[in-house]
Amino acid sequence: MTNELTTIRKKLEKTLKEERYIHTLGVMYTAASMAMRHEQDIHQAMMAGLLHDCGKYCSVDEQIALCRKYHLPLTDAELEVPALIHARLGTYLAEHEYGIRDPEVLNAITYHTTGRPGMTAIEQIVYLADYIEPGRKQIPGLSEVRKVSFSDLNLAVCMTAEATLSFLKRAGRKVDPMTEKTYQYYKKKTQSHNK
Ligand code: FE
Ligand code: FE
């Protein structure tokens, strides 16, 4: 591991709750494996995986207060679905607290929860690694997404977005428009691809 990754990992070990830190390591190493398989930059994948939840070190109320303090604009969707806020705050912290300048890494942090249409491979890898890392509770369909994540990134993103949407709808939770857009985009992409 590079010095930069080690320094940031040690800092996060102190900031995050143990459970969150263990999840973080799971995402980092899963992202690294996926980068190997999909011939992507391993360091970028690990850095984005390591920092993806760095905005989750405090409560949602504190996350909102920090966003206000740093003048980070919050969309209506983010205020209605507070689980999204840590991605925006995390991107800011990655840049200003952890010194990350690579836009590819910063975008992967921004979109790790909702995805977005037309993601780069690194963005897809972090989005998927967050969902499939070994510490995740076994839910129906997870084994299949784990397998597909190592063969077809677009299809795996489509499956994950679909599962996320149906989970949110079943739980009666608010769905942010970006998750819906991600699903529609990757559904279309994988359908036209398979024809
Ligand atoms: Fe997250
Ligand atoms: Fe996460």
# chains A, B, ... in the order shown; residues from 1 in each chain; ligands from 1

$ closest_atom_pairs --of "chain A" --to "ligand 2" --cutoff "8 Å" --atoms "only C-alpha atoms and all ligand atoms" --output "JSON lines"
{"residue": "A:Arg20", "atom": "CA", "partner": "ligand 2", "partner_atom_place_in_ligand_line": "1 (Fe)", "distance": 7.7}
{"residue": "A:His23", "atom": "CA", "partner": "ligand 2", "partner_atom_place_in_ligand_line": "1 (Fe)", "distance": 6.7}
{"residue": "A:Thr24", "atom": "CA", "partner": "ligand 2", "partner_atom_place_in_ligand_line": "1 (Fe)", "distance": 6.6}
{"residue": "A:Val27", "atom": "CA", "partner": "ligand 2", "partner_atom_place_in_ligand_line": "1 (Fe)", "distance": 7.2}
{"residue": "A:His52", "atom": "CA", "partner": "ligand 2", "partner_atom_place_in_ligand_line": "1 (Fe)", "distance": 6.4}
{"residue": "A:Asp53", "atom": "CA", "partner": "ligand 2", "partner_atom_place_in_ligand_line": "1 (Fe)", "distance": 5.3}
{"residue": "A:His112", "atom": "CA", "partner": "ligand 2", "partner_atom_place_in_ligand_line": "1 (Fe)", "distance": 7.8}
{"residue": "A:Thr113", "atom": "CA", "partner": "ligand 2", "partner_atom_place_in_ligand_line": "1 (Fe)", "distance": 7.8}
{"residue": "A:Asp130", "atom": "CA", "partner": "ligand 2", "partner_atom_place_in_ligand_line": "1 (Fe)", "distance": 5.0}
{"residue": "A:Tyr131", "atom": "CA", "partner": "ligand 2", "partner_atom_place_in_ligand_line": "1 (Fe)", "distance": 7.6}

$ write_last_selection --atoms "N, CA, C and O atoms" --output "PDB file, in the first residue's frame"
ATOM      1  N   ARG A  20     -18.012   1.068  10.873  1.00  0.00           N
ATOM      2  CA  ARG A  20     -17.873   1.839   9.635  1.00  0.00           C
ATOM      3  C   ARG A  20     -16.474   1.675   9.059  1.00  0.00           C
ATOM      4  O   ARG A  20     -16.287   1.576   7.849  1.00  0.00           O
ATOM      5  N   HIS A  23     -16.217  -1.739   7.401  1.00  0.00           N
ATOM      6  CA  HIS A  23     -16.912  -1.652   6.109  1.00  0.00           C
ATOM      7  C   HIS A  23     -16.026  -0.936   5.076  1.00  0.00           C
ATOM      8  O   HIS A  23     -15.903  -1.365   3.931  1.00  0.00           O
ATOM      9  N   THR A  24     -15.393   0.144   5.514  1.00  0.00           N
ATOM     10  CA  THR A  24     -14.504   0.927   4.651  1.00  0.00           C
ATOM     11  C   THR A  24     -13.368   0.073   4.082  1.00  0.00           C
ATOM     12  O   THR A  24     -13.063   0.128   2.889  1.00  0.00           O
ATOM     13  N   VAL A  27     -14.716  -2.277   1.477  1.00  0.00           N
ATOM     14  CA  VAL A  27     -14.961  -1.606   0.194  1.00  0.00           C
ATOM     15  C   VAL A  27     -13.631  -1.341  -0.516  1.00  0.00           C
ATOM     16  O   VAL A  27     -13.499  -1.546  -1.723  1.00  0.00           O
ATOM     17  N   HIS A  52     -14.783   6.656   0.652  1.00  0.00           N
ATOM     18  CA  HIS A  52     -16.167   6.831   0.184  1.00  0.00           C
ATOM     19  C   HIS A  52     -17.132   7.232   1.305  1.00  0.00           C
ATOM     20  O   HIS A  52     -18.058   7.990   1.084  1.00  0.00           O
ATOM     21  N   ASP A  53     -16.907   6.731   2.535  1.00  0.00           N
ATOM     22  CA  ASP A  53     -17.810   7.063   3.649  1.00  0.00           C
ATOM     23  C   ASP A  53     -17.158   8.000   4.668  1.00  0.00           C
ATOM     24  O   ASP A  53     -17.620   8.067   5.815  1.00  0.00           O
ATOM     25  N   HIS A 112     -21.282   7.506  -5.006  1.00  0.00           N
ATOM     26  CA  HIS A 112     -21.273   6.107  -4.555  1.00  0.00           C
ATOM     27  C   HIS A 112     -22.637   5.633  -4.051  1.00  0.00           C
ATOM     28  O   HIS A 112     -22.916   4.445  -4.072  1.00  0.00           O
ATOM     29  N   THR A 113     -23.506   6.529  -3.623  1.00  0.00           N
ATOM     30  CA  THR A 113     -24.805   6.098  -3.097  1.00  0.00           C
ATOM     31  C   THR A 113     -25.876   6.010  -4.184  1.00  0.00           C
ATOM     32  O   THR A 113     -26.652   5.058  -4.206  1.00  0.00           O
ATOM     33  N   ASP A 130     -19.262  -0.973  -2.631  1.00  0.00           N
ATOM     34  CA  ASP A 130     -20.011  -0.561  -1.438  1.00  0.00           C
ATOM     35  C   ASP A 130     -21.168  -1.534  -1.189  1.00  0.00           C
ATOM     36  O   ASP A 130     -21.519  -1.823  -0.044  1.00  0.00           O
ATOM     37  N   TYR A 131     -21.735  -2.032  -2.262  1.00  0.00           N
ATOM     38  CA  TYR A 131     -22.901  -2.918  -2.158  1.00  0.00           C
ATOM     39  C   TYR A 131     -22.513  -4.368  -1.878  1.00  0.00           C
ATOM     40  O   TYR A 131     -23.220  -5.081  -1.175  1.00  0.00           O
TER      41      TYR A 131
END

$ closest_atom_pairs --of "chain A" --to "ligand 1" --cutoff "12 Å" --atoms "only C-alpha atoms and all ligand atoms" --output "JSON lines"
{"residue": "A:Arg20", "atom": "CA", "partner": "ligand 1", "partner_atom_place_in_ligand_line": "1 (Fe)", "distance": 9.5}
{"residue": "A:Tyr21", "atom": "CA", "partner": "ligand 1", "partner_atom_place_in_ligand_line": "1 (Fe)", "distance": 11.7}
{"residue": "A:His23", "atom": "CA", "partner": "ligand 1", "partner_atom_place_in_ligand_line": "1 (Fe)", "distance": 9.8}
{"residue": "A:Thr24", "atom": "CA", "partner": "ligand 1", "partner_atom_place_in_ligand_line": "1 (Fe)", "distance": 9.2}
{"residue": "A:Val27", "atom": "CA", "partner": "ligand 1", "partner_atom_place_in_ligand_line": "1 (Fe)", "distance": 10.2}
{"residue": "A:Ala48", "atom": "CA", "partner": "ligand 1", "partner_atom_place_in_ligand_line": "1 (Fe)", "distance": 11.4}
{"residue": "A:Gly49", "atom": "CA", "partner": "ligand 1", "partner_atom_place_in_ligand_line": "1 (Fe)", "distance": 9.9}
{"residue": "A:Leu50", "atom": "CA", "partner": "ligand 1", "partner_atom_place_in_ligand_line": "1 (Fe)", "distance": 11.0}
{"residue": "A:Leu51", "atom": "CA", "partner": "ligand 1", "partner_atom_place_in_ligand_line": "1 (Fe)", "distance": 9.5}
{"residue": "A:His52", "atom": "CA", "partner": "ligand 1", "partner_atom_place_in_ligand_line": "1 (Fe)", "distance": 6.2}
{"residue": "A:Asp53", "atom": "CA", "partner": "ligand 1", "partner_atom_place_in_ligand_line": "1 (Fe)", "distance": 4.8}
{"residue": "A:Cys54", "atom": "CA", "partner": "ligand 1", "partner_atom_place_in_ligand_line": "1 (Fe)", "distance": 8.4}
{"residue": "A:Gly55", "atom": "CA", "partner": "ligand 1", "partner_atom_place_in_ligand_line": "1 (Fe)", "distance": 8.2}
{"residue": "A:Lys56", "atom": "CA", "partner": "ligand 1", "partner_atom_place_in_ligand_line": "1 (Fe)", "distance": 7.3}
{"residue": "A:Tyr57", "atom": "CA", "partner": "ligand 1", "partner_atom_place_in_ligand_line": "1 (Fe)", "distance": 10.8}
{"residue": "A:Pro82", "atom": "CA", "partner": "ligand 1", "partner_atom_place_in_ligand_line": "1 (Fe)", "distance": 11.2}
{"residue": "A:Ala83", "atom": "CA", "partner": "ligand 1", "partner_atom_place_in_ligand_line": "1 (Fe)", "distance": 7.7}
{"residue": "A:Leu84", "atom": "CA", "partner": "ligand 1", "partner_atom_place_in_ligand_line": "1 (Fe)", "distance": 7.7}
{"residue": "A:Ile85", "atom": "CA", "partner": "ligand 1", "partner_atom_place_in_ligand_line": "1 (Fe)", "distance": 9.1}
{"residue": "A:His86", "atom": "CA", "partner": "ligand 1", "partner_atom_place_in_ligand_line": "1 (Fe)", "distance": 6.7}
{"residue": "A:Ala87", "atom": "CA", "partner": "ligand 1", "partner_atom_place_in_ligand_line": "1 (Fe)", "distance": 6.3}
{"residue": "A:Arg88", "atom": "CA", "partner": "ligand 1", "partner_atom_place_in_ligand_line": "1 (Fe)", "distance": 10.1}
{"residue": "A:Leu89", "atom": "CA", "partner": "ligand 1", "partner_atom_place_in_ligand_line": "1 (Fe)", "distance": 10.8}
{"residue": "A:Gly90", "atom": "CA", "partner": "ligand 1", "partner_atom_place_in_ligand_line": "1 (Fe)", "distance": 8.9}
{"residue": "A:Thr91", "atom": "CA", "partner": "ligand 1", "partner_atom_place_in_ligand_line": "1 (Fe)", "distance": 11.2}
{"residue": "A:Ala108", "atom": "CA", "partner": "ligand 1", "partner_atom_place_in_ligand_line": "1 (Fe)", "distance": 10.9}
{"residue": "A:Ile109", "atom": "CA", "partner": "ligand 1", "partner_atom_place_in_ligand_line": "1 (Fe)", "distance": 8.3}
{"residue": "A:Thr110", "atom": "CA", "partner": "ligand 1", "partner_atom_place_in_ligand_line": "1 (Fe)", "distance": 9.4}
{"residue": "A:Tyr111", "atom": "CA", "partner": "ligand 1", "partner_atom_place_in_ligand_line": "1 (Fe)", "distance": 9.3}
{"residue": "A:His112", "atom": "CA", "partner": "ligand 1", "partner_atom_place_in_ligand_line": "1 (Fe)", "distance": 6.5}
{"residue": "A:Thr113", "atom": "CA", "partner": "ligand 1", "partner_atom_place_in_ligand_line": "1 (Fe)", "distance": 5.7}
{"residue": "A:Thr114", "atom": "CA", "partner": "ligand 1", "partner_atom_place_in_ligand_line": "1 (Fe)", "distance": 9.5}
{"residue": "A:Gly115", "atom": "CA", "partner": "ligand 1", "partner_atom_place_in_ligand_line": "1 (Fe)", "distance": 11.3}
{"residue": "A:Val126", "atom": "CA", "partner": "ligand 1", "partner_atom_place_in_ligand_line": "1 (Fe)", "distance": 10.0}
{"residue": "A:Tyr127", "atom": "CA", "partner": "ligand 1", "partner_atom_place_in_ligand_line": "1 (Fe)", "distance": 9.0}
{"residue": "A:Leu128", "atom": "CA", "partner": "ligand 1", "partner_atom_place_in_ligand_line": "1 (Fe)", "distance": 11.3}
{"residue": "A:Ala129", "atom": "CA", "partner": "ligand 1", "partner_atom_place_in_ligand_line": "1 (Fe)", "distance": 10.8}
{"residue": "A:Asp130", "atom": "CA", "partner": "ligand 1", "partner_atom_place_in_ligand_line": "1 (Fe)", "distance": 7.3}
{"residue": "A:Tyr131", "atom": "CA", "partner": "ligand 1", "partner_atom_place_in_ligand_line": "1 (Fe)", "distance": 9.5}

$ residues_around --residues "segment 138-141 of chain A" --least-positions-apart "3" --cutoff "12 Å" --atoms "only C-alpha atoms" --output "ChimeraX atom specification"
/A:131-135,144-148,156,159-160,162-164,167

$ write_last_selection --atoms "C-alpha atoms" --output "mmCIF file, in the first residue's frame"
data_model
loop_
_atom_site.group_PDB
_atom_site.id
_atom_site.type_symbol
_atom_site.label_atom_id
_atom_site.label_comp_id
_atom_site.auth_asym_id
_atom_site.auth_seq_id
_atom_site.Cartn_x
_atom_site.Cartn_y
_atom_site.Cartn_z
ATOM 1 C CA TYR A 131 -22.901 -2.918 -2.158
ATOM 2 C CA ILE A 132 -21.065 -6.242 -2.376
ATOM 3 C CA GLU A 133 -18.167 -5.993 0.121
ATOM 4 C CA PRO A 134 -17.795 -9.177 2.208
ATOM 5 C CA GLY A 135 -19.205 -7.610 5.390
ATOM 6 C CA GLU A 144 -25.564 -12.874 -8.239
ATOM 7 C CA VAL A 145 -24.534 -9.189 -8.105
ATOM 8 C CA ARG A 146 -21.200 -10.239 -6.560
ATOM 9 C CA LYS A 147 -20.582 -12.612 -9.439
ATOM 10 C CA VAL A 148 -21.696 -10.204 -12.177
ATOM 11 C CA ALA A 156 -24.049 -5.240 -12.153
ATOM 12 C CA MET A 159 -29.003 -4.957 -10.933
ATOM 13 C CA THR A 160 -27.845 -2.950 -7.918
ATOM 14 C CA GLU A 162 -32.915 -2.013 -9.403
ATOM 15 C CA ALA A 163 -32.489 -3.743 -6.039
ATOM 16 C CA THR A 164 -31.924 -0.399 -4.285
ATOM 17 C CA PHE A 167 -35.841 -1.874 -1.403
#

$ atom_distance --atom1 "atom CA of Glu78 of chain A" --atom2 "atom CA of Leu66 of chain A"
14.0 Å

$ atom_distance --atom1 "atom CA of Arg136 of chain A" --atom2 "atom CA of Ala171 of chain A"
18.6 Å

$ decode --residues "segment 59-90 of chain A" --atoms "N, CA and C atoms" --output "PDB file, in the first residue's frame"
ATOM      1  N   SER A  59     -23.253  12.423  13.020  1.00  0.00           N
ATOM      2  CA  SER A  59     -24.688  12.220  12.798  1.00  0.00           C
ATOM      3  C   SER A  59     -25.172  13.026  11.593  1.00  0.00           C
ATOM      4  N   VAL A  60     -26.348  12.655  11.096  1.00  0.00           N
ATOM      5  CA  VAL A  60     -26.910  13.354   9.939  1.00  0.00           C
ATOM      6  C   VAL A  60     -27.079  14.843  10.229  1.00  0.00           C
ATOM      7  N   ASP A  61     -27.552  15.183  11.437  1.00  0.00           N
ATOM      8  CA  ASP A  61     -27.719  16.607  11.781  1.00  0.00           C
ATOM      9  C   ASP A  61     -26.387  17.344  11.710  1.00  0.00           C
ATOM     10  N   GLU A  62     -25.355  16.695  12.219  1.00  0.00           N
ATOM     11  CA  GLU A  62     -24.026  17.324  12.153  1.00  0.00           C
ATOM     12  C   GLU A  62     -23.528  17.407  10.711  1.00  0.00           C
ATOM     13  N   GLN A  63     -23.845  16.382   9.923  1.00  0.00           N
ATOM     14  CA  GLN A  63     -23.452  16.409   8.504  1.00  0.00           C
ATOM     15  C   GLN A  63     -24.098  17.608   7.804  1.00  0.00           C
ATOM     16  N   ILE A  64     -25.379  17.837   8.093  1.00  0.00           N
ATOM     17  CA  ILE A  64     -26.085  18.969   7.477  1.00  0.00           C
ATOM     18  C   ILE A  64     -25.451  20.283   7.943  1.00  0.00           C
ATOM     19  N   ALA A  65     -25.168  20.380   9.250  1.00  0.00           N
ATOM     20  CA  ALA A  65     -24.546  21.601   9.783  1.00  0.00           C
ATOM     21  C   ALA A  65     -23.193  21.853   9.118  1.00  0.00           C
ATOM     22  N   LEU A  66     -22.418  20.785   8.915  1.00  0.00           N
ATOM     23  CA  LEU A  66     -21.110  20.950   8.277  1.00  0.00           C
ATOM     24  C   LEU A  66     -21.262  21.383   6.819  1.00  0.00           C
ATOM     25  N   CYS A  67     -22.252  20.815   6.123  1.00  0.00           N
ATOM     26  CA  CYS A  67     -22.500  21.230   4.736  1.00  0.00           C
ATOM     27  C   CYS A  67     -22.800  22.720   4.687  1.00  0.00           C
ATOM     28  N   ARG A  68     -23.596  23.192   5.632  1.00  0.00           N
ATOM     29  CA  ARG A  68     -23.929  24.626   5.677  1.00  0.00           C
ATOM     30  C   ARG A  68     -22.658  25.443   5.934  1.00  0.00           C
ATOM     31  N   LYS A  69     -21.869  24.966   6.908  1.00  0.00           N
ATOM     32  CA  LYS A  69     -20.639  25.666   7.265  1.00  0.00           C
ATOM     33  C   LYS A  69     -19.695  25.788   6.068  1.00  0.00           C
ATOM     34  N   TYR A  70     -19.588  24.710   5.289  1.00  0.00           N
ATOM     35  CA  TYR A  70     -18.675  24.722   4.132  1.00  0.00           C
ATOM     36  C   TYR A  70     -19.349  25.257   2.872  1.00  0.00           C
ATOM     37  N   HIS A  71     -20.575  25.759   3.004  1.00  0.00           N
ATOM     38  CA  HIS A  71     -21.323  26.286   1.863  1.00  0.00           C
ATOM     39  C   HIS A  71     -21.508  25.246   0.760  1.00  0.00           C
ATOM     40  N   LEU A  72     -21.805  24.020   1.149  1.00  0.00           N
ATOM     41  CA  LEU A  72     -22.074  22.995   0.142  1.00  0.00           C
ATOM     42  C   LEU A  72     -23.568  23.003  -0.140  1.00  0.00           C
ATOM     43  N   PRO A  73     -23.948  23.210  -1.393  1.00  0.00           N
ATOM     44  CA  PRO A  73     -25.373  23.261  -1.700  1.00  0.00           C
ATOM     45  C   PRO A  73     -26.008  21.882  -1.537  1.00  0.00           C
ATOM     46  N   LEU A  74     -27.136  21.827  -0.836  1.00  0.00           N
ATOM     47  CA  LEU A  74     -27.851  20.558  -0.698  1.00  0.00           C
ATOM     48  C   LEU A  74     -29.124  20.628  -1.538  1.00  0.00           C
ATOM     49  N   THR A  75     -29.344  19.606  -2.329  1.00  0.00           N
ATOM     50  CA  THR A  75     -30.556  19.582  -3.147  1.00  0.00           C
ATOM     51  C   THR A  75     -31.744  19.189  -2.268  1.00  0.00           C
ATOM     52  N   ASP A  76     -32.948  19.447  -2.783  1.00  0.00           N
ATOM     53  CA  ASP A  76     -34.153  19.035  -2.053  1.00  0.00           C
ATOM     54  C   ASP A  76     -34.120  17.535  -1.803  1.00  0.00           C
ATOM     55  N   ALA A  77     -33.687  16.788  -2.824  1.00  0.00           N
ATOM     56  CA  ALA A  77     -33.637  15.330  -2.697  1.00  0.00           C
ATOM     57  C   ALA A  77     -32.717  14.927  -1.545  1.00  0.00           C
ATOM     58  N   GLU A  78     -31.586  15.630  -1.413  1.00  0.00           N
ATOM     59  CA  GLU A  78     -30.640  15.295  -0.350  1.00  0.00           C
ATOM     60  C   GLU A  78     -31.226  15.585   1.033  1.00  0.00           C
ATOM     61  N   LEU A  79     -31.963  16.696   1.134  1.00  0.00           N
ATOM     62  CA  LEU A  79     -32.570  17.021   2.428  1.00  0.00           C
ATOM     63  C   LEU A  79     -33.700  16.046   2.770  1.00  0.00           C
ATOM     64  N   GLU A  80     -34.369  15.546   1.734  1.00  0.00           N
ATOM     65  CA  GLU A  80     -35.449  14.589   1.974  1.00  0.00           C
ATOM     66  C   GLU A  80     -34.924  13.183   2.206  1.00  0.00           C
ATOM     67  N   VAL A  81     -33.766  12.878   1.620  1.00  0.00           N
ATOM     68  CA  VAL A  81     -33.148  11.565   1.792  1.00  0.00           C
ATOM     69  C   VAL A  81     -31.778  11.791   2.430  1.00  0.00           C
ATOM     70  N   PRO A  82     -31.760  11.984   3.757  1.00  0.00           N
ATOM     71  CA  PRO A  82     -30.508  12.406   4.411  1.00  0.00           C
ATOM     72  C   PRO A  82     -29.352  11.417   4.256  1.00  0.00           C
ATOM     73  N   ALA A  83     -29.660  10.171   3.881  1.00  0.00           N
ATOM     74  CA  ALA A  83     -28.588   9.197   3.666  1.00  0.00           C
ATOM     75  C   ALA A  83     -27.660   9.615   2.531  1.00  0.00           C
ATOM     76  N   LEU A  84     -28.117  10.565   1.719  1.00  0.00           N
ATOM     77  CA  LEU A  84     -27.284  11.005   0.589  1.00  0.00           C
ATOM     78  C   LEU A  84     -26.246  12.046   0.994  1.00  0.00           C
ATOM     79  N   ILE A  85     -26.482  12.711   2.130  1.00  0.00           N
ATOM     80  CA  ILE A  85     -25.677  13.890   2.466  1.00  0.00           C
ATOM     81  C   ILE A  85     -24.209  13.533   2.695  1.00  0.00           C
ATOM     82  N   HIS A  86     -23.942  12.357   3.263  1.00  0.00           N
ATOM     83  CA  HIS A  86     -22.548  12.005   3.566  1.00  0.00           C
ATOM     84  C   HIS A  86     -21.681  11.924   2.312  1.00  0.00           C
ATOM     85  N   ALA A  87     -22.299  11.673   1.171  1.00  0.00           N
ATOM     86  CA  ALA A  87     -21.511  11.581  -0.062  1.00  0.00           C
ATOM     87  C   ALA A  87     -21.015  12.970  -0.476  1.00  0.00           C
ATOM     88  N   ARG A  88     -21.891  13.953  -0.335  1.00  0.00           N
ATOM     89  CA  ARG A  88     -21.497  15.326  -0.683  1.00  0.00           C
ATOM     90  C   ARG A  88     -20.461  15.869   0.309  1.00  0.00           C
ATOM     91  N   LEU A  89     -20.752  15.674   1.601  1.00  0.00           N
ATOM     92  CA  LEU A  89     -19.804  16.112   2.629  1.00  0.00           C
ATOM     93  C   LEU A  89     -18.475  15.366   2.479  1.00  0.00           C
ATOM     94  N   GLY A  90     -18.567  14.067   2.216  1.00  0.00           N
ATOM     95  CA  GLY A  90     -17.364  13.241   2.071  1.00  0.00           C
ATOM     96  C   GLY A  90     -16.465  13.714   0.943  1.00  0.00           C
TER      97      GLY A  90
END
